[in-house]
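S.K.: My structure is in structure_5.cif, and what it holds is mmCIF, C-alpha atoms:
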```cif
data_run
loop_
_atom_site.group_PDB
_atom_site.id
_atom_site.type_symbol
_atom_site.label_atom_id
_atom_site.label_comp_id
_atom_site.auth_asym_id
_atom_site.auth_seq_id
_atom_site.Cartn_x
_atom_site.Cartn_y
_atom_site.Cartn_z
ATOM 1 C CA MET A 256 -8.349 10.237 -22.761
ATOM 2 C CA MET A 257 -6.384 12.600 -25.022
ATOM 3 C CA LYS A 258 -3.186 10.599 -24.404
ATOM 4 C CA LYS A 259 -4.921 7.379 -25.453
ATOM 5 C CA TYR A 260 -6.309 9.078 -28.585
ATOM 6 C CA ILE A 261 -2.868 10.338 -29.615
ATOM 7 C CA ILE A 262 -1.323 6.896 -29.043
ATOM 8 C CA SER A 263 -4.036 5.221 -31.129
ATOM 9 C CA LEU A 264 -3.669 7.746 -33.948
ATOM 10 C CA THR A 265 0.128 7.312 -33.923
ATOM 11 C CA ILE A 266 -0.204 3.547 -34.205
ATOM 12 C CA ILE A 267 -2.646 3.842 -37.123
ATOM 13 C CA VAL A 268 -0.333 6.184 -39.046
ATOM 14 C CA ILE A 269 2.718 3.984 -38.516
ATOM 15 C CA LEU A 270 0.808 0.838 -39.466
ATOM 16 C CA PHE A 271 -0.324 2.525 -42.686
ATOM 17 C CA LEU A 272 3.281 3.315 -43.579
ATOM 18 C CA ILE A 273 4.333 -0.248 -42.801
ATOM 19 C CA PHE A 274 1.636 -1.775 -44.978
ATOM 20 C CA ARG A 275 2.401 0.670 -47.805
ATOM 21 C CA ASN A 276 6.070 -0.294 -47.872
ATOM 22 C CA THR A 277 5.928 -4.077 -47.437
ATOM 23 C CA SER A 278 3.703 -6.928 -48.520
ATOM 24 C CA LYS A 279 5.339 -9.704 -46.467
ATOM 25 C CA GLY A 280 2.962 -10.795 -43.761
ATOM 26 C CA LYS A 281 5.630 -12.017 -41.347
ATOM 27 C CA MET A 282 7.590 -8.804 -41.641
ATOM 28 C CA VAL A 283 4.428 -6.758 -41.086
ATOM 29 C CA THR A 284 3.600 -8.725 -37.933
ATOM 30 C CA ASN A 285 7.069 -8.165 -36.506
ATOM 31 C CA HIS A 286 6.879 -4.453 -37.299
ATOM 32 C CA ILE A 287 3.489 -4.207 -35.601
ATOM 33 C CA LYS A 288 4.809 -5.815 -32.416
ATOM 34 C CA SER A 289 7.766 -3.460 -32.402
ATOM 35 C CA VAL A 290 5.653 -0.365 -33.026
ATOM 36 C CA VAL A 291 3.107 -1.166 -30.323
ATOM 37 C CA SER A 292 5.873 -1.924 -27.826
ATOM 38 C CA ASN A 293 7.725 1.314 -28.537
ATOM 39 C CA VAL A 294 4.591 3.459 -28.400
ATOM 40 C CA VAL A 295 2.917 2.177 -25.227
ATOM 41 C CA THR A 296 5.880 1.063 -23.093
ATOM 42 C CA ASP A 297 7.136 3.621 -20.575
ATOM 43 C CA ALA A 298 10.302 3.657 -18.492
ATOM 44 C CA ASP A 299 10.802 0.581 -16.349
ATOM 45 C CA TYR A 300 11.599 1.357 -12.718
ATOM 46 C CA ILE A 301 11.542 -2.225 -11.483
ATOM 47 C CA ASN A 302 14.632 -4.228 -10.574
ATOM 48 C CA THR A 303 13.363 -7.796 -10.636
ATOM 49 C CA LYS A 304 16.251 -8.952 -8.444
ATOM 50 C CA GLY A 305 15.502 -6.480 -5.641
ATOM 51 C CA ASP A 306 14.380 -8.143 -2.408
ATOM 52 C CA SER A 307 13.212 -5.020 -0.543
ATOM 53 C CA ILE A 308 11.157 -1.995 -1.496
ATOM 54 C CA SER A 309 14.273 0.175 -1.746
ATOM 55 C CA THR A 310 16.070 -2.297 -4.007
ATOM 56 C CA ARG A 311 13.047 -3.400 -6.078
ATOM 57 C CA VAL A 312 11.947 0.066 -7.205
ATOM 58 C CA ILE A 313 14.374 2.309 -9.088
ATOM 59 C CA VAL A 314 14.395 6.088 -8.599
ATOM 60 C CA PRO A 315 13.668 8.117 -11.761
ATOM 61 C CA LYS A 316 16.410 10.353 -13.124
ATOM 62 C CA GLY A 317 16.583 13.699 -11.320
ATOM 63 C CA TYR A 318 15.069 12.324 -8.109
ATOM 64 C CA SER A 319 16.573 10.967 -4.907
ATOM 65 C CA ARG A 320 15.098 9.221 -1.893
ATOM 66 C CA VAL A 321 14.104 11.509 0.969
ATOM 67 C CA LYS A 322 16.314 10.729 3.958
ATOM 68 C CA TYR A 323 14.925 9.514 7.269
ATOM 69 C CA ALA A 324 16.531 8.573 10.557
ATOM 70 C CA VAL A 325 17.974 5.101 10.947
ATOM 71 C CA GLY A 326 15.535 2.970 12.936
ATOM 72 C CA SER A 327 12.538 5.153 12.051
ATOM 73 C CA PHE A 328 9.215 3.728 10.885
ATOM 74 C CA GLN A 329 9.913 5.363 7.528
ATOM 75 C CA GLU A 330 13.177 3.454 7.045
ATOM 76 C CA TYR A 331 11.507 0.275 8.308
ATOM 77 C CA LEU A 332 8.924 0.519 5.526
ATOM 78 C CA ARG A 333 11.387 1.557 2.823
ATOM 79 C CA HIS A 334 13.519 -1.521 3.484
ATOM 80 C CA TYR A 335 10.619 -3.914 3.995
ATOM 81 C CA ARG A 336 11.396 -7.389 2.688
ATOM 82 C CA LEU A 337 9.694 -8.664 -0.452
ATOM 83 C CA LYS A 338 8.838 -12.028 -1.904
ATOM 84 C CA PRO A 339 10.628 -12.957 -5.149
ATOM 85 C CA TYR A 340 9.606 -10.988 -8.214
ATOM 86 C CA GLY A 341 6.593 -12.493 -9.951
ATOM 87 C CA SER A 342 5.001 -13.814 -6.749
ATOM 88 C CA LYS A 343 1.217 -13.841 -6.970
ATOM 89 C CA ILE A 344 -1.351 -12.282 -4.669
ATOM 90 C CA ILE A 345 -2.717 -15.146 -2.582
ATOM 91 C CA ASN A 346 -5.885 -14.947 -0.510
ATOM 92 C CA TYR A 347 -6.154 -16.152 3.089
ATOM 93 C CA ASP A 348 -7.628 -19.463 1.881
ATOM 94 C CA ASP A 349 -4.656 -20.136 -0.434
ATOM 95 C CA SER A 350 -6.629 -19.253 -3.566
ATOM 96 C CA GLU A 351 -5.204 -16.825 -6.125
ATOM 97 C CA TYR A 352 -6.668 -13.328 -6.214
ATOM 98 C CA PHE A 353 -8.457 -12.629 -9.488
ATOM 99 C CA ALA A 354 -6.262 -9.604 -10.367
ATOM 100 C CA GLN A 355 -2.576 -10.426 -10.749
ATOM 101 C CA ASP A 356 -1.541 -7.410 -12.870
ATOM 102 C CA TRP A 357 -1.953 -4.700 -10.223
ATOM 103 C CA HIS A 358 1.299 -5.131 -8.337
ATOM 104 C CA ASP A 359 5.072 -4.945 -8.725
ATOM 105 C CA ALA A 360 5.913 -6.605 -5.428
ATOM 106 C CA ILE A 361 4.523 -8.700 -2.570
ATOM 107 C CA LEU A 362 5.553 -7.716 0.954
ATOM 108 C CA GLU A 363 6.610 -10.425 3.396
ATOM 109 C CA VAL A 364 3.522 -10.025 5.593
ATOM 110 C CA PRO A 365 2.010 -13.404 6.605
ATOM 111 C CA VAL A 366 -1.726 -13.791 5.954
ATOM 112 C CA PRO A 367 -3.646 -15.610 8.721
ATOM 113 C CA SER A 368 -6.054 -18.275 7.511
ATOM 114 C CA ASN A 369 -8.910 -16.785 9.583
ATOM 115 C CA GLY A 370 -9.629 -14.129 6.943
ATOM 116 C CA LEU A 371 -9.566 -11.225 9.412
ATOM 117 C CA GLN A 372 -6.446 -9.388 8.214
ATOM 118 C CA GLN A 373 -7.930 -7.126 5.570
ATOM 119 C CA CYS A 374 -6.841 -3.699 4.266
ATOM 120 C CA ALA A 375 -6.667 -1.612 7.469
ATOM 121 C CA ASP A 376 -5.736 -4.637 9.555
ATOM 122 C CA ALA A 377 -2.617 -5.416 7.508
ATOM 123 C CA LEU A 378 -1.357 -1.867 8.056
ATOM 124 C CA MET A 379 -2.071 -1.994 11.783
ATOM 125 C CA ARG A 380 -0.120 -5.240 11.909
ATOM 126 C CA ILE A 381 2.880 -3.702 10.144
ATOM 127 C CA ARG A 382 2.840 -0.743 12.520
ATOM 128 C CA SER A 383 2.453 -2.979 15.591
ATOM 129 C CA GLU A 384 5.275 -5.299 14.547
ATOM 130 C CA TYR A 385 7.558 -2.306 14.081
ATOM 131 C CA LEU A 386 6.760 -1.066 17.597
ATOM 132 C CA TRP A 387 7.260 -4.583 18.980
ATOM 133 C CA GLU A 388 10.654 -4.916 17.320
ATOM 134 C CA LYS A 389 11.735 -1.492 18.623
ATOM 135 C CA ASN A 390 10.644 -2.414 22.162
ATOM 136 C CA LYS A 391 7.948 0.267 22.143
ATOM 137 C CA LYS A 392 5.186 -2.137 23.125
ATOM 138 C CA ASP A 393 3.517 0.447 25.343
ATOM 139 C CA LYS A 394 2.657 2.424 22.202
ATOM 140 C CA ILE A 395 0.747 -0.437 20.563
ATOM 141 C CA GLY A 396 -2.958 0.325 20.696
ATOM 142 C CA PHE A 397 -5.909 1.251 18.488
ATOM 143 C CA ASN A 398 -9.419 2.586 18.804
ATOM 144 C CA PHE A 399 -12.375 0.351 18.099
ATOM 145 C CA THR A 400 -14.934 1.777 15.680
ATOM 146 C CA SER A 401 -16.913 2.709 18.809
ATOM 147 C CA GLY A 402 -14.049 5.020 19.796
ATOM 148 C CA HIS A 403 -12.832 2.946 22.757
ATOM 149 C CA TYR A 404 -9.060 2.522 22.993
ATOM 150 C CA CYS A 405 -7.645 -0.980 23.283
ATOM 151 C CA SER A 406 -3.961 -1.219 24.160
ATOM 152 C CA TRP A 407 -1.672 -4.214 23.900
ATOM 153 C CA ILE A 408 -0.276 -3.630 27.389
ATOM 154 C CA LYS A 409 -3.719 -3.842 29.017
ATOM 155 C CA TYR A 410 -4.576 -6.887 26.943
ATOM 156 C CA ALA A 411 -1.313 -8.549 27.963
ATOM 157 C CA GLU A 412 -2.163 -7.831 31.596
ATOM 158 C CA GLY A 413 -5.411 -9.787 31.185
ATOM 159 C CA PHE A 414 -8.000 -7.100 30.439
ATOM 160 C CA ARG A 415 -10.682 -8.071 27.918
ATOM 161 C CA PRO A 416 -13.482 -6.010 26.388
ATOM 162 C CA LYS A 417 -17.139 -6.627 27.043
ATOM 163 C CA ILE A 418 -19.022 -5.245 24.079
ATOM 164 C CA LYS A 419 -22.721 -4.436 24.100
ATOM 165 C CA GLY A 420 -23.820 -2.390 21.096
ATOM 166 C CA ASN A 421 -21.616 0.707 21.039
ATOM 167 C CA LYS A 422 -20.752 0.364 24.724
ATOM 168 C CA VAL A 423 -17.392 -1.194 25.585
ATOM 169 C CA THR A 424 -16.074 -1.907 29.070
ATOM 170 C CA PHE A 425 -12.840 -3.716 30.010
ATOM 171 C CA TYR A 426 -12.500 -6.291 32.764
ATOM 172 C CA LYS A 427 -9.521 -8.294 34.013
ATOM 173 C CA THR A 428 -10.639 -11.800 33.116
ATOM 174 C CA ALA A 429 -7.404 -13.494 31.985
ATOM 175 C CA SER A 430 -3.964 -14.205 33.410
ATOM 176 C CA PRO A 431 -1.111 -11.920 32.314
ATOM 177 C CA ASN A 432 0.484 -13.104 29.081
ATOM 178 C CA HIS A 433 3.072 -10.971 27.277
ATOM 179 C CA SER A 434 4.033 -13.612 24.701
ATOM 180 C CA LYS A 435 4.317 -13.050 20.948
ATOM 181 C CA ALA A 436 1.559 -15.615 20.381
ATOM 182 C CA ASN A 437 -0.795 -13.635 22.620
ATOM 183 C CA PHE A 438 0.217 -10.461 20.772
ATOM 184 C CA TYR A 439 -1.195 -11.918 17.562
ATOM 185 C CA THR A 440 -4.348 -12.964 19.403
ATOM 186 C CA TYR A 441 -4.668 -9.328 20.460
ATOM 187 C CA LEU A 442 -4.275 -8.221 16.842
ATOM 188 C CA ASN A 443 -7.120 -10.538 15.816
ATOM 189 C CA LEU A 444 -9.302 -8.672 18.307
ATOM 190 C CA ILE A 445 -8.224 -5.359 16.782
ATOM 191 C CA TYR A 446 -8.964 -6.637 13.274
ATOM 192 C CA THR A 447 -12.491 -7.498 14.418
ATOM 193 C CA TYR A 448 -13.415 -4.165 15.968
ATOM 194 C CA ALA A 449 -11.246 -1.577 14.184
ATOM 195 C CA GLY A 450 -10.922 -0.618 10.532
ATOM 196 C CA THR A 451 -10.778 2.230 8.027
ATOM 197 C CA MET A 452 -13.508 4.195 9.812
ATOM 198 C CA SER A 453 -11.852 4.031 13.223
ATOM 199 C CA MET A 454 -8.437 4.866 11.771
ATOM 200 C CA HIS A 455 -9.876 7.862 9.910
ATOM 201 C CA ASN A 456 -11.592 9.112 13.051
ATOM 202 C CA GLU A 457 -8.723 8.404 15.456
ATOM 203 C CA LEU A 458 -5.605 9.452 13.574
ATOM 204 C CA LYS A 459 -4.225 12.865 12.706
ATOM 205 C CA LYS A 460 -5.123 14.193 9.252
ATOM 206 C CA ILE A 461 -2.145 15.148 7.101
ATOM 207 C CA GLN A 462 -2.101 17.725 4.314
ATOM 208 C CA VAL A 463 -0.939 16.468 0.935
ATOM 209 C CA LYS A 464 2.111 18.743 0.988
ATOM 210 C CA ASP A 465 3.245 17.166 4.268
ATOM 211 C CA VAL A 466 2.791 13.493 3.341
ATOM 212 C CA ARG A 467 5.698 11.233 4.277
ATOM 213 C CA ILE A 468 6.438 7.529 4.379
ATOM 214 C CA GLY A 469 4.072 5.747 6.760
ATOM 215 C CA ASP A 470 1.123 8.057 6.084
ATOM 216 C CA MET A 471 -2.026 6.402 4.789
ATOM 217 C CA LEU A 472 -4.420 7.308 2.003
ATOM 218 C CA VAL A 473 -7.864 6.586 3.394
ATOM 219 C CA LYS A 474 -11.518 6.491 2.376
ATOM 220 C CA PRO A 475 -13.544 5.754 5.520
ATOM 221 C CA GLY A 476 -16.612 3.599 5.255
ATOM 222 C CA SER A 477 -18.037 0.108 5.284
ATOM 223 C CA PRO A 478 -16.322 -0.905 3.212
ATOM 224 C CA GLY A 479 -13.802 1.862 2.864
ATOM 225 C CA HIS A 480 -10.200 1.394 1.877
ATOM 226 C CA ILE A 481 -6.753 2.427 3.040
ATOM 227 C CA GLU A 482 -3.267 2.282 1.492
ATOM 228 C CA ILE A 483 0.110 3.163 2.973
ATOM 229 C CA VAL A 484 3.029 5.202 1.620
ATOM 230 C CA VAL A 485 6.144 3.007 1.687
ATOM 231 C CA ASP A 486 8.712 5.201 -0.091
ATOM 232 C CA GLU A 487 9.278 8.844 -1.003
ATOM 233 C CA ILE A 488 11.500 10.654 -3.503
ATOM 234 C CA GLN A 489 12.151 14.305 -4.348
ATOM 235 C CA ASN A 490 13.782 16.299 -7.149
ATOM 236 C CA ALA A 491 15.684 19.591 -7.055
ATOM 237 C CA ASP A 492 12.439 21.571 -7.496
ATOM 238 C CA GLY A 493 10.900 19.953 -4.435
ATOM 239 C CA ASP A 494 8.466 17.797 -6.424
ATOM 240 C CA ARG A 495 7.764 14.540 -4.635
ATOM 241 C CA MET A 496 6.567 11.099 -5.638
ATOM 242 C CA TYR A 497 5.565 8.120 -3.527
ATOM 243 C CA LEU A 498 4.995 4.373 -3.523
ATOM 244 C CA LEU A 499 1.761 2.847 -2.247
ATOM 245 C CA ALA A 500 1.111 -0.569 -0.737
ATOM 246 C CA GLN A 501 -2.141 -2.163 0.358
ATOM 247 C CA GLY A 502 -3.794 -5.089 2.025
ATOM 248 C CA ASN A 503 -7.218 -5.902 0.665
ATOM 249 C CA THR A 504 -10.518 -7.710 0.999
ATOM 250 C CA PRO A 505 -10.628 -10.675 1.032
ATOM 251 C CA ALA A 506 -7.634 -10.923 3.360
ATOM 252 C CA GLN A 507 -4.583 -11.427 1.163
ATOM 253 C CA ASN A 508 -0.924 -10.592 0.588
ATOM 254 C CA VAL A 509 0.115 -6.978 1.026
ATOM 255 C CA CYS A 510 1.269 -5.720 -2.359
ATOM 256 C CA LEU A 511 3.086 -2.734 -3.867
ATOM 257 C CA LEU A 512 0.747 -1.106 -6.379
ATOM 258 C CA LYS A 513 1.399 -0.145 -9.969
ATOM 259 C CA ASN A 514 0.255 3.257 -11.240
ATOM 260 C CA PHE A 515 -2.035 2.791 -14.229
ATOM 261 C CA GLU A 516 -2.897 6.503 -14.434
ATOM 262 C CA ASN A 517 0.712 7.626 -14.926
ATOM 263 C CA THR A 518 2.522 4.699 -16.517
ATOM 264 C CA LYS A 519 5.451 6.975 -17.356
ATOM 265 C CA PHE A 520 6.549 6.839 -13.703
ATOM 266 C CA SER A 521 4.765 3.701 -12.431
ATOM 267 C CA PRO A 522 4.826 2.556 -9.685
ATOM 268 C CA TRP A 523 5.563 6.082 -8.414
ATOM 269 C CA TYR A 524 2.581 8.313 -7.540
ATOM 270 C CA ARG A 525 2.047 12.057 -7.282
ATOM 271 C CA PHE A 526 -0.637 13.519 -5.015
ATOM 272 C CA ASP A 527 -2.391 16.860 -5.440
ATOM 273 C CA LYS A 528 -4.582 18.686 -2.950
ATOM 274 C CA ASN A 529 -8.320 18.175 -3.556
ATOM 275 C CA GLU A 530 -7.590 15.866 -6.498
ATOM 276 C CA PRO A 531 -8.740 12.238 -6.664
ATOM 277 C CA VAL A 532 -6.275 9.364 -6.551
ATOM 278 C CA TYR A 533 -6.733 6.381 -8.847
ATOM 279 C CA THR A 534 -5.073 3.141 -7.803
ATOM 280 C CA PRO A 535 -5.582 -0.235 -9.509
ATOM 281 C CA SER A 536 -8.051 -1.521 -6.938
ATOM 282 C CA TYR A 537 -9.665 1.659 -5.626
ATOM 283 C CA TYR A 538 -10.701 5.208 -6.529
ATOM 284 C CA PHE A 539 -10.185 7.821 -3.796
ATOM 285 C CA ASP A 540 -12.290 10.864 -4.630
ATOM 286 C CA LYS A 541 -10.090 12.987 -2.355
ATOM 287 C CA ALA A 542 -6.476 12.642 -1.223
ATOM 288 C CA ILE A 543 -7.125 12.260 2.513
ATOM 289 C CA PHE A 544 -4.134 11.077 4.549
ATOM 290 C CA VAL A 545 -3.797 10.019 8.176
ATOM 291 C CA ARG A 546 -0.717 9.299 10.278
ATOM 292 C CA PHE A 547 -0.075 6.718 12.992
ATOM 293 C CA LYS A 548 0.518 8.132 16.475
#
```
What would the structure in this file look like if it were written as structure tokens?
M.R.:
Amino acid sequence: MMKKYIISLTIIVILFLIFRNTSKGKMVTNHIKSVVSNVVTDADYINTKGDSISTRVIVPKGYSRVKYAVGSFQEYLRHYRLKPYGSKIINYDDSEYFAQDWHDAILEVPVPSNGLQQCADALMRIRSEYLWEKNKKDKIGFNFTSGHYCSWIKYAEGFRPKIKGNKVTFYKTASPNHSKANFYTYLNLIYTYAGTMSMHNELKKIQVKDVRIGDMLVKPGSPGHIEIVVDEIQNADGDRMYLLAQGNTPAQNVCLLKNFENTKFSPWYRFDKNEPVYTPSYYFDKAIFVRFK
């Protein structure tokens, strides 16, 4: 609030000086545009030609990207492919999302037309596709909100859940099918019965000081919300900043979020213990993070 007050007062003072020293309307208008631009525009950390997270977002002076092992989930996210700059957020039904000023990038994550792939689901998909690509298929699995674990391997072997209230039992009712098409059918099942609440309950909680790429900022609930850290930088003093991406409801493109609370470093974010986190689409009253297994 104080920052906005100072900016407004600065603009008023400069406009007064402009009007006092010129009476030409066109010149005044041009001066006003220049003044407003110079006062409210912060550093630009976006390379519009970048086609991945690491090439789209520029590192602020004094910072460098935290190094991770080649082939790690962290490097997978950091180099995730992006749609061309300026691409819009499109909902599962091909309509445009109402808010098109929240993001600096759209990740190349397909959006099924069934509407199931919402905020938590999109992140589970990204994680599952990474494990699939790294031939770690036996590690693909998630808890339902009921707490029952559903693995891809068992699903591929033909086991299906029978759900009655909060009780879930698995029976072998289908022929084995380890195909990629069946993998996405499995994910649709996960999208239906898992979400922010199950992820919050299932996954390890991470302290703010230990957050790394791949960790997720979560508010459990119905609806809750969840966003994932997709890049991380550090300066010589050990101060760290991060990038956040999200899926959303309705099911839509996964996007890299701007930071409206700290436009000086947007889209980079800082997190503080016990402090809320404001993102364009959601307010997290606490910085609670979880980590995939």
S.K.: What's the 7 Å shell around stretch 435-447 of chain A, counting only C-alpha atoms, without same-chain residues fewer than 2 positions away, as a PyMOL selection string?
M.R.: chain A and resi 371-372+376+407+410+432-433+449-450
S.K.: Considering all atoms listed in the file, return as a list in words whatever protein or nucleic-acid residues lie within 7 Å of A:Leu472, sequence-local ones (same chain, fewer than 2 positions apart) excluded.
M.R.: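 Near A:Leu472, the qualifying residues are Asp470, Ile481, Glu482, Ile483, Ala542, Ile543, Phe544 and Val545 of chain A.
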S.K.: Find the spatial neighbours of A:Gly420, counting all atoms listed in the file, within a cut-off of 10 Å - ignore same-chain residues fewer than 3 positions away - and output them as a list in words.
M.R.: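 Selected residues are Ser401, Lys417 and Val423 of chain A.
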S.K.: Please list as an MDAnalysis selection string every residue within 6 Å of stretch 314-323 of chain A, counting only C-alpha atoms and excluding residues in the same chain fewer than 4 positions away.
M.R.: chainID A and resid 487:490
S.K.: Which residue is closest to A:Ser434? Choose from A:Trp523, A:Trp387, A:Tyr497, A:Phe547 and count only C-alpha atoms.
M.R.: A:Trp387
S.K.: One number please: atom CA of A:Gln507 to atom CA of A:Lys304, in Å, one decimal.
M.R.: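 Separation of atom CA of A:Gln507 and atom CA of A:Lys304: 23.1 Å.
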S.K.: Go through A:Arg467, A:Gly326, A:Met452, A:Phe539 and flag the residue nearest A:Asn390, using only C-alpha atoms for the distances.
M.R.: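 Among A:Arg467, A:Gly326, A:Met452, A:Phe539, it is A:Gly326 that comes nearest to A:Asn390.
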S.K.: Tell me which of A:Ala506, A:Ile381, A:Ile408, A:Lys343 sits closest to A:Lys394, counting all atoms listed in the file.
M.R.: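 Closest residue, counting all atoms listed in the file: A:Ile408.
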S.K.: Out of A:Tyr335, A:Glu363, A:Ala377, A:Val463, which residue has the shortest atom-to-atom distance to A:Pro531 when counting all atoms listed in the file?
M.R.: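 Going through A:Tyr335, A:Glu363, A:Ala377, A:Val463 one by one, the smallest distance to A:Pro531 is for A:Val463.
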S.K.: Specify as a VMD selection string each residue included when the PyMOL selection byres ((chain A and resi 521) around 12) is applied to this file.
M.R.: chain A and resid 296 to 301 312 to 315 357 to 359 496 to 499 511 to 520 522 to 525 534 to 535
S.K.: Which is closer to A:Ser368 than all the others in A:Phe399, A:Tyr537, A:Tyr352, A:Tyr347, using all atoms listed in the file?
M.R.: A:Tyr347
S.K.: Rounded to one decimal, what separation in Å do you get between atom CA of A:Ser309 and atom CA of A:Val532?
M.R.: 23.0 Å
S.K.: Given 4 Å of margin on each side, can you work out the centre and size in Å (one decimal) of an axis-aligned box holding every listed atom of stretch 304-321 of chain A, as AutoDock Vina command-line options?
M.R.:
```
--center_x 13.9 --center_y 2.4 --center_z -6.1 --size_x 13.4 --size_y 30.7 --size_z 22.1
```
